[in-house]
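Chemist: Sharing entry.cif below, mmCIF, C-alpha atoms:
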data_coords
loop_
_atom_site.label_atom_id
_atom_site.label_comp_id
_atom_site.auth_asym_id
_atom_site.auth_seq_id
_atom_site.Cartn_x
_atom_site.Cartn_y
_atom_site.Cartn_z
CA MET A 1 29.85 -3.49 -9.25
CA ARG A 2 27.24 -5.99 -10.44
CA GLN A 3 28.10 -8.24 -7.50
CA PRO A 4 26.96 -5.72 -4.84
CA LEU A 5 23.74 -5.14 -6.76
CA LEU A 6 23.11 -8.89 -6.95
CA LEU A 7 23.66 -9.25 -3.20
CA PHE A 8 21.37 -6.30 -2.54
CA SER A 9 18.69 -7.82 -4.77
CA LEU A 10 18.94 -11.10 -2.89
CA PHE A 11 18.62 -9.23 0.41
CA ILE A 12 15.47 -7.46 -0.79
CA THR A 13 14.02 -10.76 -1.98
CA GLY A 14 14.66 -12.25 1.45
CA VAL A 15 12.98 -9.33 3.18
CA ALA A 16 9.94 -9.63 0.94
CA SER A 17 9.61 -13.38 1.49
CA ALA A 18 9.79 -12.91 5.26
CA PHE A 19 6.37 -11.28 5.26
CA ALA A 20 3.37 -13.42 5.99
CA ALA A 21 0.29 -11.56 4.81
CA PRO A 22 -2.35 -11.62 7.54
CA GLN A 23 -5.96 -12.48 6.94
CA ALA A 24 -8.08 -9.41 6.36
CA GLU A 25 -11.63 -8.53 5.42
CA SER A 26 -10.54 -6.60 2.34
CA ARG A 27 -11.55 -7.99 -1.03
CA PRO A 28 -8.56 -7.72 -3.37
CA THR A 29 -9.30 -7.24 -7.05
CA PRO A 30 -6.17 -7.95 -9.12
CA GLY A 31 -5.28 -6.72 -12.55
CA GLU A 32 -7.41 -3.61 -12.97
CA VAL A 33 -5.97 -1.26 -15.59
CA TYR A 34 -5.81 2.23 -14.13
CA ALA A 35 -4.14 3.99 -17.07
CA THR A 36 -2.15 3.56 -20.27
CA ALA A 37 1.43 4.82 -20.18
CA SER A 38 2.92 7.04 -22.86
CA ASP A 39 4.44 4.04 -24.65
CA GLY A 40 1.15 2.13 -24.62
CA THR A 41 1.94 -0.01 -21.58
CA PRO A 42 -1.22 -1.00 -19.68
CA LEU A 43 -0.69 0.01 -16.05
CA THR A 44 -2.43 -2.12 -13.46
CA TRP A 45 -3.18 -2.05 -9.77
CA ILE A 46 -4.51 -4.48 -7.19
CA VAL A 47 -7.48 -3.06 -5.32
CA TYR A 48 -8.16 -3.76 -1.64
CA THR A 49 -11.70 -2.70 -0.76
CA PRO A 50 -12.71 -2.09 2.87
CA PRO A 51 -15.77 -3.72 4.39
CA GLY A 52 -18.99 -1.78 4.11
CA ARG A 53 -20.06 0.81 1.58
CA GLY A 54 -17.95 3.53 0.00
CA PRO A 55 -16.81 5.88 -1.16
CA TRP A 56 -13.57 5.77 0.82
CA PRO A 57 -10.36 7.81 0.93
CA ALA A 58 -7.74 6.22 -1.31
CA VAL A 59 -4.16 5.23 -0.52
CA LEU A 60 -1.71 4.09 -3.17
CA VAL A 61 0.80 1.44 -2.12
CA ILE A 62 4.02 1.87 -4.11
CA HIS A 63 6.39 -1.09 -4.14
CA GLY A 64 10.17 -0.89 -4.10
CA GLY A 65 12.70 -2.87 -6.09
CA LEU A 66 15.72 -0.75 -7.07
CA PHE A 67 13.62 1.01 -9.75
CA LEU A 68 14.14 -2.12 -11.89
CA GLY A 69 12.09 -4.77 -10.12
CA GLY A 70 9.36 -5.42 -7.63
CA ASP A 71 5.66 -5.97 -8.04
CA ALA A 72 2.37 -4.85 -6.52
CA SER A 73 1.63 -8.39 -5.37
CA GLU A 74 4.70 -8.74 -3.12
CA LYS A 75 3.98 -9.61 0.49
CA GLY A 76 5.27 -6.34 1.95
CA PRO A 77 2.97 -4.10 -0.11
CA THR A 78 0.17 -6.66 0.29
CA THR A 79 0.39 -6.57 4.08
CA CYS A 80 0.38 -2.78 4.01
CA ALA A 81 -2.59 -2.65 1.63
CA GLN A 82 -4.59 -5.06 3.76
CA ASP A 83 -3.90 -2.99 6.86
CA LEU A 84 -5.00 0.15 5.03
CA ALA A 85 -8.23 -1.50 3.91
CA ALA A 86 -8.88 -2.69 7.46
CA ALA A 87 -8.47 0.94 8.58
CA GLY A 88 -11.15 2.12 6.14
CA TYR A 89 -9.13 3.12 3.07
CA ILE A 90 -9.48 1.73 -0.41
CA ALA A 91 -5.91 0.70 -1.19
CA PHE A 92 -4.50 0.56 -4.70
CA SER A 93 -1.23 -1.38 -4.91
CA ILE A 94 0.22 -0.14 -8.17
CA ASN A 95 2.45 -1.49 -10.90
CA PHE A 96 4.48 0.87 -13.08
CA ARG A 97 7.16 0.63 -15.74
CA LEU A 98 10.57 -0.61 -14.65
CA ALA A 99 14.12 0.42 -15.55
CA PRO A 100 16.51 -1.97 -17.34
CA PRO A 101 16.76 -4.88 -17.20
CA GLY A 102 13.28 -4.98 -15.68
CA SER A 103 9.98 -4.54 -17.48
CA ILE A 104 6.28 -5.20 -17.03
CA PRO A 105 3.92 -6.81 -19.56
CA GLY A 106 3.51 -4.66 -22.65
CA GLN A 107 6.34 -2.26 -21.78
CA ARG A 108 8.12 -0.85 -24.83
CA SER A 109 10.12 2.00 -23.31
CA THR A 110 13.11 1.90 -20.98
CA GLY A 111 11.18 2.79 -17.83
CA GLN A 112 13.90 5.24 -16.86
CA PHE A 113 13.46 8.79 -15.56
CA PRO A 114 10.89 10.31 -15.76
CA GLU A 115 8.66 7.46 -16.88
CA GLN A 116 8.09 5.80 -13.50
CA TYR A 117 7.31 9.18 -11.97
CA ASP A 118 4.83 9.79 -14.79
CA ASP A 119 3.12 6.46 -14.13
CA VAL A 120 2.68 7.29 -10.45
CA ALA A 121 1.10 10.61 -11.40
CA LEU A 122 -1.35 8.72 -13.63
CA ALA A 123 -2.20 6.47 -10.68
CA VAL A 124 -2.88 9.45 -8.42
CA GLN A 125 -5.21 11.01 -10.99
CA ALA A 126 -6.95 7.69 -11.61
CA ALA A 127 -7.54 7.13 -7.89
CA ARG A 128 -8.82 10.68 -7.45
CA ASP A 129 -11.30 10.24 -10.31
CA ASP A 130 -12.42 6.74 -9.28
CA SER A 131 -16.05 6.65 -8.15
CA ARG A 132 -15.12 4.32 -5.30
CA THR A 133 -13.05 7.05 -3.64
CA THR A 134 -13.81 10.32 -1.90
CA GLY A 135 -11.36 12.07 -4.21
CA LYS A 136 -8.68 12.24 -1.53
CA VAL A 137 -5.50 10.29 -2.28
CA GLY A 138 -2.54 9.39 -0.09
CA ALA A 139 0.33 6.97 -0.54
CA VAL A 140 2.65 4.63 1.31
CA GLY A 141 5.87 3.90 -0.56
CA GLY A 142 8.88 1.77 0.30
CA SER A 143 12.46 2.21 -0.95
CA SER A 144 12.23 3.34 -4.59
CA GLY A 145 8.47 3.51 -4.01
CA ALA A 146 9.15 6.06 -1.28
CA THR A 147 11.17 8.07 -3.79
CA HIS A 148 8.19 8.00 -6.15
CA ALA A 149 5.79 9.14 -3.42
CA VAL A 150 7.97 12.10 -2.45
CA TRP A 151 8.74 13.08 -6.05
CA ASN A 152 5.02 13.20 -6.77
CA SER A 153 4.40 15.21 -3.60
CA VAL A 154 6.85 17.92 -4.61
CA THR A 155 6.12 18.07 -8.35
CA GLY A 156 2.48 17.13 -8.91
CA ARG A 157 -0.48 19.40 -9.57
CA PRO A 158 -2.53 19.99 -6.39
CA GLY A 159 -6.03 18.56 -6.58
CA GLN A 160 -5.15 16.61 -9.70
CA ASP A 161 -2.17 14.26 -10.00
CA ARG A 162 -0.45 15.24 -6.74
CA LEU A 163 -0.86 13.23 -3.57
CA ASP A 164 -2.66 14.80 -0.62
CA VAL A 165 -0.38 13.08 1.91
CA ALA A 166 2.46 10.55 1.75
CA VAL A 167 4.30 8.09 3.96
CA ALA A 168 7.79 7.36 2.62
CA ILE A 169 9.86 4.51 4.04
CA SER A 170 13.59 4.15 3.28
CA GLY A 171 13.56 6.39 0.22
CA ALA A 172 16.34 7.80 -1.94
CA TYR A 173 15.97 11.56 -2.23
CA ASP A 174 19.28 13.03 -3.43
CA PHE A 175 20.78 10.89 -6.18
CA SER A 176 23.90 13.07 -6.28
CA ASP A 177 24.94 12.59 -2.64
CA PHE A 178 27.78 10.09 -2.67
CA SER A 179 28.75 10.49 0.99
CA PRO A 180 30.70 7.48 2.32
CA ASP A 181 28.44 4.56 3.19
CA PRO A 182 28.84 0.77 3.12
CA TRP A 183 26.10 0.55 0.49
CA LEU A 184 27.31 3.48 -1.63
CA PRO A 185 28.47 1.39 -4.65
CA VAL A 186 25.03 -0.20 -4.88
CA PHE A 187 23.30 3.15 -4.40
CA ILE A 188 25.29 4.70 -7.26
CA GLU A 189 24.51 1.81 -9.59
CA ILE A 190 20.81 1.92 -8.77
CA VAL A 191 20.29 5.65 -9.26
CA THR A 192 22.45 5.99 -12.37
CA ASN A 193 20.64 3.06 -13.96
CA TYR A 194 17.27 4.69 -13.22
CA VAL A 195 18.21 8.17 -14.38
CA GLY A 196 20.24 6.90 -17.33
CA VAL A 197 23.28 9.10 -16.74
CA PRO A 198 26.82 8.46 -15.46
CA SER A 199 27.74 9.15 -11.86
CA THR A 200 29.69 12.22 -12.99
CA ASP A 201 26.51 13.93 -14.26
CA THR A 202 25.60 15.72 -11.06
CA ALA A 203 23.09 18.02 -12.77
CA GLY A 204 21.31 15.08 -14.36
CA LEU A 205 21.09 13.19 -11.09
CA ARG A 206 19.79 16.23 -9.24
CA ALA A 207 17.15 16.88 -11.89
CA ALA A 208 15.65 13.48 -11.02
CA SER A 209 16.04 13.82 -7.23
CA PRO A 210 13.06 14.78 -5.04
CA ALA A 211 15.27 16.77 -2.67
CA TRP A 212 16.38 19.08 -5.46
CA VAL A 213 12.92 19.99 -6.76
CA VAL A 214 11.25 20.84 -3.44
CA ARG A 215 8.79 23.72 -3.48
CA ARG A 216 7.30 25.50 -0.49
CA SER A 217 3.87 24.07 -1.30
CA VAL A 218 4.19 20.40 -0.36
CA PRO A 219 1.52 18.07 1.07
CA PRO A 220 2.13 16.48 4.47
CA LEU A 221 5.03 14.02 4.42
CA PHE A 222 5.94 11.32 6.93
CA LEU A 223 9.54 10.25 6.25
CA VAL A 224 10.92 7.10 7.87
CA ASP A 225 14.15 5.11 7.87
CA SER A 226 15.84 2.72 10.29
CA ALA A 227 19.05 3.34 12.21
CA ASP A 228 21.01 0.78 10.17
CA ASP A 229 18.95 0.90 6.99
CA ILE A 230 20.65 -0.26 3.81
CA MET A 231 19.50 2.99 2.26
CA PRO A 232 22.36 5.42 3.01
CA GLU A 233 21.39 7.33 6.15
CA VAL A 234 22.30 10.66 4.58
CA GLN A 235 19.31 10.36 2.24
CA LEU A 236 16.76 11.17 4.93
CA ASP A 237 19.01 13.96 6.21
CA ASP A 238 19.21 15.43 2.71
CA MET A 239 15.45 15.49 2.30
CA VAL A 240 14.87 17.08 5.69
CA ALA A 241 17.51 19.73 4.99
CA ARG A 242 15.92 20.67 1.67
CA LEU A 243 12.45 20.81 3.17
CA ASN A 244 13.69 23.10 5.93
CA ALA A 245 15.57 25.30 3.48
CA SER A 246 12.38 25.68 1.43
CA GLY A 247 10.32 26.64 4.47
CA VAL A 248 8.28 23.44 4.49
CA ARG A 249 7.01 22.60 7.97
CA ASN A 250 4.22 20.08 7.42
CA TYR A 251 6.39 16.99 7.62
CA GLU A 252 7.54 14.49 10.21
CA ALA A 253 10.77 12.49 10.11
CA MET A 254 11.41 9.35 12.13
CA THR A 255 14.35 6.99 12.48
CA ILE A 256 13.46 3.72 14.15
CA ALA A 257 15.76 1.16 15.73
CA GLY A 258 17.12 -1.78 13.78
CA ASN A 259 18.20 -2.43 10.22
CA SER A 260 14.89 -3.09 8.48
CA HIS A 261 14.37 -1.63 5.03
CA SER A 262 11.31 -0.47 3.12
CA PHE A 263 8.05 -2.29 3.95
CA ALA A 264 9.85 -4.42 6.54
CA ASN A 265 9.49 -1.29 8.70
CA TRP A 266 5.72 -1.15 8.22
CA PRO A 267 4.75 -3.16 11.33
CA ALA A 268 6.80 -0.84 13.55
CA ILE A 269 5.37 2.37 12.11
CA LYS A 270 1.86 1.24 11.19
CA SER A 271 0.06 3.02 14.04
CA ASP A 272 1.91 6.29 13.48
CA ALA A 273 1.49 6.05 9.71
CA LEU A 274 -2.24 5.40 9.91
CA ALA A 275 -2.70 8.33 12.28
CA PHE A 276 -0.73 10.57 9.93
CA LEU A 277 -2.82 9.53 6.93
CA ALA A 278 -6.06 9.98 8.88
CA SER A 279 -5.17 13.55 9.78
CA LYS A 280 -5.36 14.49 6.10
CA LEU A 281 -7.65 11.97 4.44
CA ASN A 282 -10.50 11.36 6.86
CA GLY A 283 -13.60 13.51 6.92
CA GLY A 284 -15.30 15.52 4.24
CA GLY A 285 -16.20 14.60 0.68
CA ARG A 286 -14.81 15.32 -2.72
#
How does the structure come out when it is put into structure tokens?
Modeler:
Amino acid sequence: MRQPLLLFSLFITGVASAFAAPQAESRPTPGEVYATASDGTPLTWIVYTPPGRGPWPAVLVIHGGLFLGGDASEKGPTTCAQDLAAAGYIAFSINFRLAPPGSIPGQRSTGQFPEQYDDVALAVQAARDDSRTTGKVGAVGGSSGATHAVWNSVTGRPGQDRLDVAVAISGAYDFSDFSPDPWLPVFIEIVTNYVGVPSTDTAGLRAASPAWVVRRSVPPLFLVDSADDIMPEVQLDDMVARLNASGVRNYEAMTIAGNSHSFANWPAIKSDALAFLASKLNGGGR
């Protein structure tokens, strides 16, 4: 099964390298420490500041990478962050602990469930408390980063470490759904590695799955995949079904044409995503 994961990793690397980050007026500040993780890992973000004077609404950019790789400086998240800054948001492209065999500088723990989720919650709280922001915090996440954004949206504490709005692109939402799919072997390897349980542990996989912890009180969600996404198509269906079953109505779901994955879909959805974020984040103060 390692061979499918290797091929998938190479595919993701190719997608990331295909991005050419456009010139923008944002002023990126790399390497700021936004929090210290429970194991002492310094957690950093890259800050993209809009032109003019703040404070501004904040948007976290959450990279993908199979839960075990990826980086805030990749071209996909960078392009997204620059677009957000150009639209008047202060964008924080975040790093967080990674699952085996990945790691970030200073990481001592495994980075498995729930540690990455915990790091994202720290980033939300840090952005909310940052004097450069209005105290409103959204997110755009791709692939595993989309999973993080939705998990935070359904589990966080409102007004504290929970997002106010999220855009989730090509996320995994039900780790226990092994419906037939060409990419199913890779999916199983990815989610079991992150959660740290075997594929037979349905309860353990569901405990770490955003779709299985949905509450009625959820911030606005914009869920996106592509028609031939390498994320199993049932994942978006699962999330929508659980939202509906819980009586959640403040979400939108979109499937776009093509086979792009994660932030490779950003150019196609940028206008819709920015409008969705603006409906929640723009206007008002802290």
Chemist: Starting from the displayed file, determine the output of the PyMOL selection byres ((chain A and resi 173) around 8) and express the residue list as a PyMOL selection string.
Modeler: chain A and resi 147+171-172+174-175+209-211+235-236+238-239
Chemist: May I ask which of the residues A:Ala268, A:Ala146, A:Val61, A:Ala273 is the closest one to Lys75 of chain A, counting all atoms listed in the file?
Modeler: A:Val61
Chemist: What gap, in Å, lies between atom CA of Gly204 of chain A and atom CA of Thr110 of chain A?
Modeler: 16.9 Å
Chemist: Skip segment 97-103 of chain A itself and residues of its chain fewer than 6 positions away, then list as a PDB file with C-alpha atoms, in the frame of the given file all residues within 7 Å of it, counting only C-alpha atoms.
Modeler:
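Saved as result.pdb:
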ATOM      1  CA  PHE A  67      13.620   1.010  -9.750  1.00  0.00           C
ATOM      2  CA  LEU A  68      14.140  -2.120 -11.890  1.00  0.00           C
ATOM      3  CA  GLY A  69      12.090  -4.770 -10.120  1.00  0.00           C
ATOM      4  CA  THR A 110      13.110   1.900 -20.980  1.00  0.00           C
ATOM      5  CA  GLY A 111      11.180   2.790 -17.830  1.00  0.00           C
ATOM      6  CA  GLN A 112      13.900   5.240 -16.860  1.00  0.00           C
ATOM      7  CA  GLN A 116       8.090   5.800 -13.500  1.00  0.00           C
ATOM      8  CA  TYR A 194      17.270   4.690 -13.220  1.00  0.00           C
TER       9      TYR A 194
END
Chemist: Enumerate, as an mmCIF file with C-alpha atoms, in the coordinates of the input, the residues matched when the PyMOL selection byres ((chain A and resi 166) around 6) is run on the file above.
Modeler:
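Writing the result to out_2.cif gives the following:
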data_model
loop_
_atom_site.group_PDB
_atom_site.id
_atom_site.type_symbol
_atom_site.label_atom_id
_atom_site.label_comp_id
_atom_site.auth_asym_id
_atom_site.auth_seq_id
_atom_site.Cartn_x
_atom_site.Cartn_y
_atom_site.Cartn_z
ATOM 1 C CA GLY A 138 -2.540 9.390 -0.090
ATOM 2 C CA ALA A 139 0.330 6.970 -0.540
ATOM 3 C CA VAL A 140 2.650 4.630 1.310
ATOM 4 C CA VAL A 165 -0.380 13.080 1.910
ATOM 5 C CA VAL A 167 4.300 8.090 3.960
ATOM 6 C CA LEU A 221 5.030 14.020 4.420
#
Chemist: Pick the closest to Thr78 of chain A from A:Ala127, A:Ser217, A:Gly159, A:Ala264: which is it, counting only C-alpha atoms?
Modeler: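 Answer, going by the shortest atom-to-atom distance: A:Ala264.
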Chemist: Care to translate the PyMOL selection byres ((chain A and resi 278) around 10) into actual residues of this file, as a count of residues only?
Modeler: 17
Chemist: Which residues come within 12 Å of Ile188 of chain A, counting all atoms listed in the file, excluding same-chain residues fewer than 6 positions away, as a PyMOL selection string?
Modeler: chain A and resi 1-2+4-5+66+172+174-182+194-202+205+231-232
Chemist: Separation of atom CA of Ala121 of chain A and atom CA of Leu84 of chain A, in Å?
Modeler: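 Between atom CA of Ala121 of chain A and atom CA of Leu84 of chain A the gap is 20.4 Å.
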Chemist: Tell me which protein, DNA and RNA residues are within 9 Å of Pro219 of chain A, counting only C-alpha atoms, leaving out same-chain ones fewer than 4 positions away, and put them as a list in words.
Modeler: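 These residues fall inside the cut-off: Ser153, Val154, Pro158, Arg162, Leu163, Asp164, Val165, Ala166, Asn250 and Tyr251 of chain A.
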Chemist: A:Asn152, A:Ile46, A:Ala58, A:Asn259: which is nearest Asp228 of chain A, counting only C-alpha atoms?
Modeler: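 For Asp228 of chain A, the nearest of the candidates is A:Asn259.
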Chemist: A:Glu233, A:Asp83, A:Glu32, A:Asp118: which is nearest Phe187 of chain A, counting all atoms listed in the file?
Modeler: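 Between A:Glu233, A:Asp83, A:Glu32, A:Asp118, the residue approaching Phe187 of chain A most closely is A:Glu233.
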Chemist: In Å, how far is it from atom CA of Asp39 of chain A to atom CA of Gly70 of chain A?
Modeler: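 So the answer is 20.1 Å.
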Chemist: With all atoms listed in the file as the basis for distance, which of A:Ile104, A:Val150, A:Ala253, A:Ile169 is at the shortest distance from Gly76 of chain A?
Modeler: A:Ile169
Chemist: Show me the residues close to (-1.4, -1.2, -12.4) - anything with an atom within 12 Å, counting all atoms listed in the file - and format the list as a ChimeraX atom specification.
Modeler: /A:29-37,41-47,60-63,71-73,92-97,104-106,116,119-120,122-124,126-127
Chemist: Find the residue from A:Arg108, A:Arg249, A:Arg132, A:Arg53 that sits nearest to Arg216 of chain A; use all atoms listed in the file when measuring.
Modeler: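 Looking only at the distances to Arg216 of chain A, the closest residue turns out to be A:Arg249.
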